[in-house]
$ cat coords.pdb   # PDB, C-alpha atoms, pLDDT in the B column
ATOM      1  CA  MET A   1       6.662  10.601  44.729  1.00 50.00           C
ATOM      2  CA  THR A   2       7.150   6.840  45.093  1.00 67.00           C
ATOM      3  CA  PHE A   3       9.882   5.916  47.521  1.00 84.00           C
ATOM      4  CA  VAL A   4       9.980   2.214  46.683  1.00 88.00           C
ATOM      5  CA  CYS A   5      10.294   0.189  43.518  1.00 89.00           C
ATOM      6  CA  VAL A   6      10.749  -3.420  42.468  1.00 91.00           C
ATOM      7  CA  CYS A   7      14.221  -4.696  41.631  1.00 91.00           C
ATOM      8  CA  ARG A   8      14.250  -5.781  37.992  1.00 90.00           C
ATOM      9  CA  SER A   9      16.688  -8.564  38.793  1.00 91.00           C
ATOM     10  CA  CYS A  10      15.214 -10.301  41.871  1.00 93.00           C
ATOM     11  CA  SER A  11      11.724  -8.705  42.081  1.00 91.00           C
ATOM     12  CA  LYS A  12      12.155  -7.680  45.717  1.00 93.00           C
ATOM     13  CA  THR A  13      10.778  -4.339  46.918  1.00 93.00           C
ATOM     14  CA  ILE A  14      13.591  -1.851  47.523  1.00 93.00           C
ATOM     15  CA  GLU A  15      13.887   1.867  48.147  1.00 90.00           C
ATOM     16  CA  ARG A  16      14.144   3.865  44.936  1.00 86.00           C
ATOM     17  CA  ALA A  17      17.123   5.809  46.338  1.00 83.00           C
ATOM     18  CA  PHE A  18      19.234   2.635  46.677  1.00 88.00           C
ATOM     19  CA  VAL A  19      22.070   2.496  44.172  1.00 89.00           C
ATOM     20  CA  TYR A  20      22.216  -1.316  44.452  1.00 92.00           C
ATOM     21  CA  CYS A  21      19.637  -3.875  45.497  1.00 93.00           C
ATOM     22  CA  PRO A  22      20.435  -5.082  49.045  1.00 94.00           C
ATOM     23  CA  TRP A  23      19.058  -8.525  48.147  1.00 94.00           C
ATOM     24  CA  CYS A  24      20.837  -9.412  44.900  1.00 95.00           C
ATOM     25  CA  GLY A  25      23.468  -6.671  44.599  1.00 93.00           C
ATOM     26  CA  ARG A  26      22.412  -5.565  41.122  1.00 94.00           C
ATOM     27  CA  GLU A  27      22.372  -1.890  40.202  1.00 92.00           C
ATOM     28  CA  ASN A  28      18.969  -0.303  40.715  1.00 90.00           C
ATOM     29  CA  ALA A  29      17.765   0.469  37.185  1.00 84.00           C
ATOM     30  CA  ASN A  30      14.677   2.226  38.598  1.00 79.00           C
ATOM     31  CA  ARG A  31      16.782   4.854  40.294  1.00 74.00           C
ATOM     32  CA  SER A  32      16.350   8.381  39.042  1.00 65.00           C
ATOM     33  CA  PRO A  33      19.575   9.974  37.747  1.00 62.00           C
ATOM     34  CA  PHE A  34      18.471  13.173  39.469  1.00 62.00           C
ATOM     35  CA  ASP A  35      18.410  11.602  42.948  1.00 60.00           C
ATOM     36  CA  ASP A  36      22.120  12.280  43.438  1.00 66.00           C
ATOM     37  CA  GLU A  37      21.869  15.830  42.118  1.00 71.00           C
ATOM     38  CA  LYS A  38      18.987  16.614  44.453  1.00 75.00           C
ATOM     39  CA  ALA A  39      20.784  15.092  47.432  1.00 75.00           C
ATOM     40  CA  VAL A  40      23.993  16.987  46.699  1.00 76.00           C
ATOM     41  CA  GLU A  41      22.044  20.196  46.168  1.00 83.00           C
ATOM     42  CA  GLU A  42      20.294  19.767  49.521  1.00 85.00           C
ATOM     43  CA  VAL A  43      23.599  19.122  51.284  1.00 85.00           C
ATOM     44  CA  PHE A  44      25.165  22.245  49.804  1.00 90.00           C
ATOM     45  CA  GLU A  45      22.114  24.340  50.653  1.00 92.00           C
ATOM     46  CA  ARG A  46      22.304  23.196  54.289  1.00 94.00           C
ATOM     47  CA  LEU A  47      26.045  23.835  54.308  1.00 94.00           C
ATOM     48  CA  GLU A  48      25.536  27.334  52.936  1.00 96.00           C
ATOM     49  CA  GLN A  49      22.876  28.048  55.588  1.00 96.00           C
ATOM     50  CA  LYS A  50      25.219  26.854  58.339  1.00 96.00           C
ATOM     51  CA  GLN A  51      28.069  28.937  56.954  1.00 97.00           C
ATOM     52  CA  LEU A  52      25.886  32.041  56.802  1.00 96.00           C
ATOM     53  CA  ALA A  53      24.697  31.436  60.365  1.00 97.00           C
ATOM     54  CA  PHE A  54      28.304  30.979  61.522  1.00 97.00           C
ATOM     55  CA  ILE A  55      29.404  34.144  59.732  1.00 97.00           C
ATOM     56  CA  GLY A  56      26.522  36.057  61.315  1.00 97.00           C
ATOM     57  CA  ARG A  57      27.466  34.814  64.792  1.00 97.00           C
ATOM     58  CA  ARG A  58      31.114  35.639  64.143  1.00 97.00           C
ATOM     59  CA  ILE A  59      30.238  39.179  62.997  1.00 98.00           C
ATOM     60  CA  ASP A  60      28.099  39.662  66.123  1.00 97.00           C
ATOM     61  CA  ASP A  61      30.964  38.419  68.292  1.00 98.00           C
ATOM     62  CA  ILE A  62      33.451  40.760  66.606  1.00 98.00           C
ATOM     63  CA  ALA A  63      31.032  43.695  66.966  1.00 98.00           C
ATOM     64  CA  ARG A  64      30.612  42.929  70.676  1.00 98.00           C
ATOM     65  CA  LYS A  65      34.382  42.772  71.168  1.00 98.00           C
ATOM     66  CA  LEU A  66      34.789  46.017  69.254  1.00 97.00           C
ATOM     67  CA  ASP A  67      32.241  47.709  71.531  1.00 97.00           C
ATOM     68  CA  GLU A  68      34.172  46.462  74.578  1.00 97.00           C
ATOM     69  CA  LEU A  69      37.429  47.798  73.135  1.00 97.00           C
ATOM     70  CA  GLU A  70      35.833  51.174  72.386  1.00 96.00           C
ATOM     71  CA  LYS A  71      34.578  51.433  75.982  1.00 96.00           C
ATOM     72  CA  GLU A  72      38.005  50.477  77.286  1.00 95.00           C
ATOM     73  CA  PHE A  73      39.653  53.050  75.009  1.00 94.00           C
ATOM     74  CA  ASP A  74      37.207  55.754  76.152  1.00 93.00           C
ATOM     75  CA  SER A  75      37.959  54.853  79.756  1.00 92.00           C
ATOM     76  CA  ILE A  76      41.696  55.077  79.194  1.00 91.00           C
ATOM     77  CA  SER A  77      41.467  58.336  77.261  1.00 88.00           C
ATOM     78  CA  LYS A  78      39.339  59.958  80.005  1.00 88.00           C
ATOM     79  CA  LYS A  79      41.953  59.014  82.630  1.00 84.00           C
ATOM     80  CA  ARG A  80      44.710  60.728  80.633  1.00 79.00           C
ATOM     81  CA  ARG A  81      42.879  64.069  80.431  1.00 70.00           C
TER      82      ARG A  81
END

$ encode --input "coords.pdb" --output "structure tokens"
Amino acid sequence: MTFVCVCRSCSKTIERAFVYCPWCGRENANRSPFDDEKAVEEVFERLEQKQLAFIGRRIDDIARKLDELEKEFDSISKKRR
């Protein structure tokens, strides 16, 4: 994949991902309409991965706290016998 292109307005070399040419300010006509979709898709995929990791850590934390509560309950119930 080519990451650079030539601005059709000023003929300067610019990155294909640029929406506007940094030299003349014209819209980059060489820009792929799918660049935004791919970028947004990547962002949401990373967000989903982070959310799943967070949920996994949260579930582990809740399970650990539940184990502690069960041990505490067992301890209390043994004292009452």

$ atom_distance --input "coords.pdb" --atom1 "atom CA of A:Phe3" --atom2 "atom CA of A:Asn30"
10.8 Å

$ atom_distance --input "coords.pdb" --atom1 "atom CA of A:Gly56" --atom2 "atom CA of A:Lys71"
22.7 Å

$ atom_distance --input "coords.pdb" --atom1 "atom CA of A:Phe44" --atom2 "atom CA of A:Ala17"
18.6 Å

$ resolve_selection --input "coords.pdb" --expression "the PyMOL selection byres ((chain A and resi 29) around 10)" --output "number ranges by chain"
A: 5-9, 16, 18-21, 26-28, 30-33
